[in-house]
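Below is one structure, written out as C-alpha cells, with a few remarks after it.
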There are 2 protein chains.
Amino acid sequence: MSLDRLIEKIVELQNPTVAGLDPKLDFIPEQVQREAFGRFGPSLEGAAEALYLFNVALIDALWDIVPAVKPQCAYYEMYGWPGMRALERTIAYAKSKGMFVITDGKRNDIGATMEAYAAAHLGTVEAAGRTFEPFGGDALTVNGYLGSDGIQPLLSVCKERDKGIFVLAKTSNKSSGELQDQKIADKTVYETMGDFCEGWGRSLPGAHGYTGVGAVVGATYPAQLSELREKLPHTFFLVPGYGAQGGGAADVAGAFDQKGMGAVVNSSRGIMCAYKKTGDPANFAAAARAEAIRMRDEIAAYIGRISLV
Amino acid sequence: MSLDRLIEKIVELQNPTVAGLDPKLDFIPEQVQREAFGRFGPSLEGAAEALYLFNVALIDALWDIVPAVKPQCAYYEMYGWPGMRALERTIAYAKSKGMFVITDGKRNDIGATMEAYAAAHLGTVEAAGRTFEPFGGDALTVNGYLGSDGIQPLLSVCKERDKGIFVLAKTSNKSSGELQDQKIADKTVYETMGDFCEGWGRSLPGAHGYTGVGAVVGATYPAQLSELREKLPHTFFLVPGYGAQGGGAADVAGAFDQKGMGAVVNSSRGIMCAYKKTGDPANFAAAARAEAIRMRDEIAAYIGRISLV
C-alpha cells in the first residue's frame with residue numbers, strides 16, 4: 001500500500017534511478033525496426049513490435065542495475081491500440097525481471113472515472129465472471145487538478161494491491177511556472193499540491209518513512225526540489241528532467257534526504273538514446289547500460305550510500 | 001483549425017448536446033454481453049466487443065439527432081489494449097455517421113510528450129514510410145496544469161488538421177474547488193485557466209466567434225458557468241455534469257450566449273443507461289434516443305433557436 005517495494009529495490013541496487021521507456025520509432029535503431037516490420041509489415045502492429053523489441057533489449061541490459069522503468073503512455077498511445085498492447089507487454093516483461101514499473105500516464109478525472117483509470121493501470125477488472133489485470137503497473141503518475149475525489153479511487157486500489165501514485169507538483173518543463181508558481185495566499189500552486197500529497201499519503205503509510213503518494217518534481221528546478229524535500233517529509237519524489245532535459249546530478253541532490261533516500265531520478269532519452277553518442281546502434285543496449293551506470297555513479301557521488309535506517 | 005465543425009453540426013441539428021460513451025460492462029445490457037462473449041470467449045477481447053456493439057447501437061440511434069459523441073478514454077483503457085481498439089473502432093464508426101468526436105482523455109504532459117498525445121488522438125504518425133491515424137478524434141480534452149508548452153503541440157496539430165481541444169477549467173466534481181477555487185491574486189485558479197484558454201485560442205480563430213481552444217466547465221457549478229461565459233467570449237464550453245451528476249437544464253442555461261451558442265452539454269449515463277429507467281434492456285437504444293430528445297428539448301426551452309448570426 002505504499003512505495004516500499006520501490007524503496008527496497010533502490011536500496012538493494014544502491015541506485016535511485018528509473019529508466020524512462022519512451023520508445024518512439026525515431027529512437028529505435030534501424031535493425032530493430034527492420035526485424036519488427038519484417039514480421040508484421042508496414043503497420044502499427046509492426047511499429048508496436050519495434051517498441052517492444054527495443055524495450056526488451058533495454059530491460060535485459062538494465063534489470064540487474066536499475067530498480068525501475070517508467071514507460072510513458074503517450075509514446076505507446078501514439079501507435080494506437082497496438083502501441084497500448086506493446087505497453088502491456090513491456091510492463092509484464094519488466095515485472096518478470098523484477099523491476100518496479102511506474103506507468104507515466106498523468107491520468108486525471110472525476111471520481112467515478114478515476115475508478116476506471118485505477119483499475120486499468122493499477123488494479124483489475126471483471127469480465128464474464130473472470131478477473132483480468134489490464135496493464136499491471138506498480139505505480140501511476142496522476143494530475144491532481146480535480147482535487148481529492150479524483151485521487152480517492154486510486155488510494156483504495158493502492159491500499160488493496162500494494163501500489164503507489166505520483167502526483168504532479170512542480171513539473172520539469174519551461175512553462176510549468178505559468179500556473180504552478182502562482183501564489184495562493186502565501187503558498188504556490190505546486191506547494192499546495194505538495195501539501196495535498198502529504199495529506200492523501202496519510203492513508204497509505206509506508207515502512208520506511210514515505211507513503212504511497214509520491215510527487216513529481218522536476219530536476220530542472222533544483223531550488224524547488226530542495227524546498228519541497230524539506231516541506232514534504234513523507235512524500236517520495238519522482239524526478240524527471242535529468243539528462244536530455246538539462247538537469248544534472250548536482251541539480252537532483254536536493255531531492256534526497258540524509259539517508260540518500262526520498263527520490264528516484266528518471267532518465268529517458270539519456271539512456272535509451274545513449275547509442276547515438278557512441279555512434280554504435282548495433283550495441284544500443286550496451287550503451288544504455290553504460291549510461292545507466294554512469295548516471296548511478298554520478299548521483300551516488302552526491303548522496304553516498306542509501307540506507308533504510 | 002477550430003471547433004467550427006462542431007458548431008455547424010449543433011446548428012444543423014438544433015441540438016447543443018453530446019452523448020458520452022462511457023461503456024463499462026455494468027452499463028451494457030445482458031444480451032449485448034452474451035453476443036460479444038459468445039464470439040470471443042470470457043476475455044478482454046470479449047469485453048471490448050461488448051463495448052463496441054453497445055456503442056454502435058447507441059450511435060445508430062443517435063446520429064441524426066445528436067451532433068457529437070464523447071468517448072471517455074478511461075472506460076476503454078480499463079479493458080486493456082482490446083478496450084483501446086474498441087475506442088478506435090467506436091471513433092471511426094461515429095465519424096462514418098457524420099458525428100463529431102470529442103475524445104475525453106484529459107491528457108497532459110511536457111511539450112515533447114504532448115506531441116505524441118497530439119499525434120495519437122488528433123494527428124497522424126509515420127511508421128515504415130507510411131502514415132497512420134491512430135485514434136482519429138476531432139477534439140481532445142486536456143489538462144493545462146503544465147502551462148503553455150504542454151498545449152503548444154496540440155495547437156499545431158489543430159491548425160494543420162482542423163481539430164480542437166477542451167482544457168479543464170472548472171470541473172464538475174465535488175472536490176474541484178480544492179485547487180480550482182483557490183485565489184491567485186484576485187482570480188481563481190479556474191478563471192486563470194479560462195484566461196489561458198482565451199490566449200491559446202488566439203492562434204486558432206473560428207468563423208463563428210469561438211476559437212479551437214474550448215474549456216471544460218461543469219454543469220454542477222451554474223454560477224461559475226455564467227461567470228465564465230461572460231468573461232471568456234471566444235471560448236466554447238464543454239459542459240459535463242448534466243443528468244446523472246445532478247445538473248439540469250436550468251443549470252446549464254448560463255453556458256450559452258444570446259444566440260444559444262457557445263456550449264455543448266454532455267450526458268453519459270443519462271443517455272446510455274436510459275433503459276434502466278424504462279426497465280426494457282432489449283430496447284436500450286430506443287430509450288437512449290428518447291432521452292436524447294428529451295434532453296435536447298429541455299435545453300431548447302431555455303435557449304431557444306440556435307443561430308450562427
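Ordered as shown in the C-alpha cells, chains take letters A, B, and onward, while each chain numbers its residues from 1 and ligands are numbered from 1 in the order shown.
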Inset, instruction - Go through region 5-53 of chain B and collect every residue that DSSP, computed from the backbone, puts in strand (DSSP E or B); the answer should be as an NGL selection string. - result: :B and (17-21)
Inset, instruction - Would you return as a PyMOL selection string the members of region 51-300 of chain A that DSSP assigns to helix (DSSP H, G or I) on this structure's backbone? - result: chain A and resi 51-62+74-77+80-96+111-121+148-150+152-161+174-180+189-201+222-231+249-255+269-272+274-278+281-300
Legend entry - Nearest-residue call for chain A, choices B:Asp297, B:Glu230, B:Glu49, B:Asp60, using only C-alpha atoms: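 Result for the nearest residue to chain A: B:Glu49.
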Legend entry - Among the residues A:Leu13, A:Ala282, A:Ile110, A:Val216, the one that comes closest to chain B [using only C-alpha atoms]: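 Result for the nearest residue to chain B: A:Ile110.
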Inset, instruction - Write out as a ChimeraX atom specification every residue belonging to chain B that has an atom at most 7 Å from any atom of chain A, counting only C-alpha atoms. - result: /B:42-44,47,74-75,77-81,84-85,106-108,110,113,116-117,119-120,127-128,134-135,145-149,171,173,175-176,178-179,182-184
Inset, instruction - Could you check how far CA of Glu227 (chain B) sits from CA of Ala250 (chain B), in Å to one decimal? - result: 14.9 Å
Inset, instruction - May I have the residues within 7 Å of Gly20 (chain B) as a PyMOL selection string, using only C-alpha atoms and disregarding those fewer than 4 positions away in the same chain? - result: chain B and resi 69-71+266-268
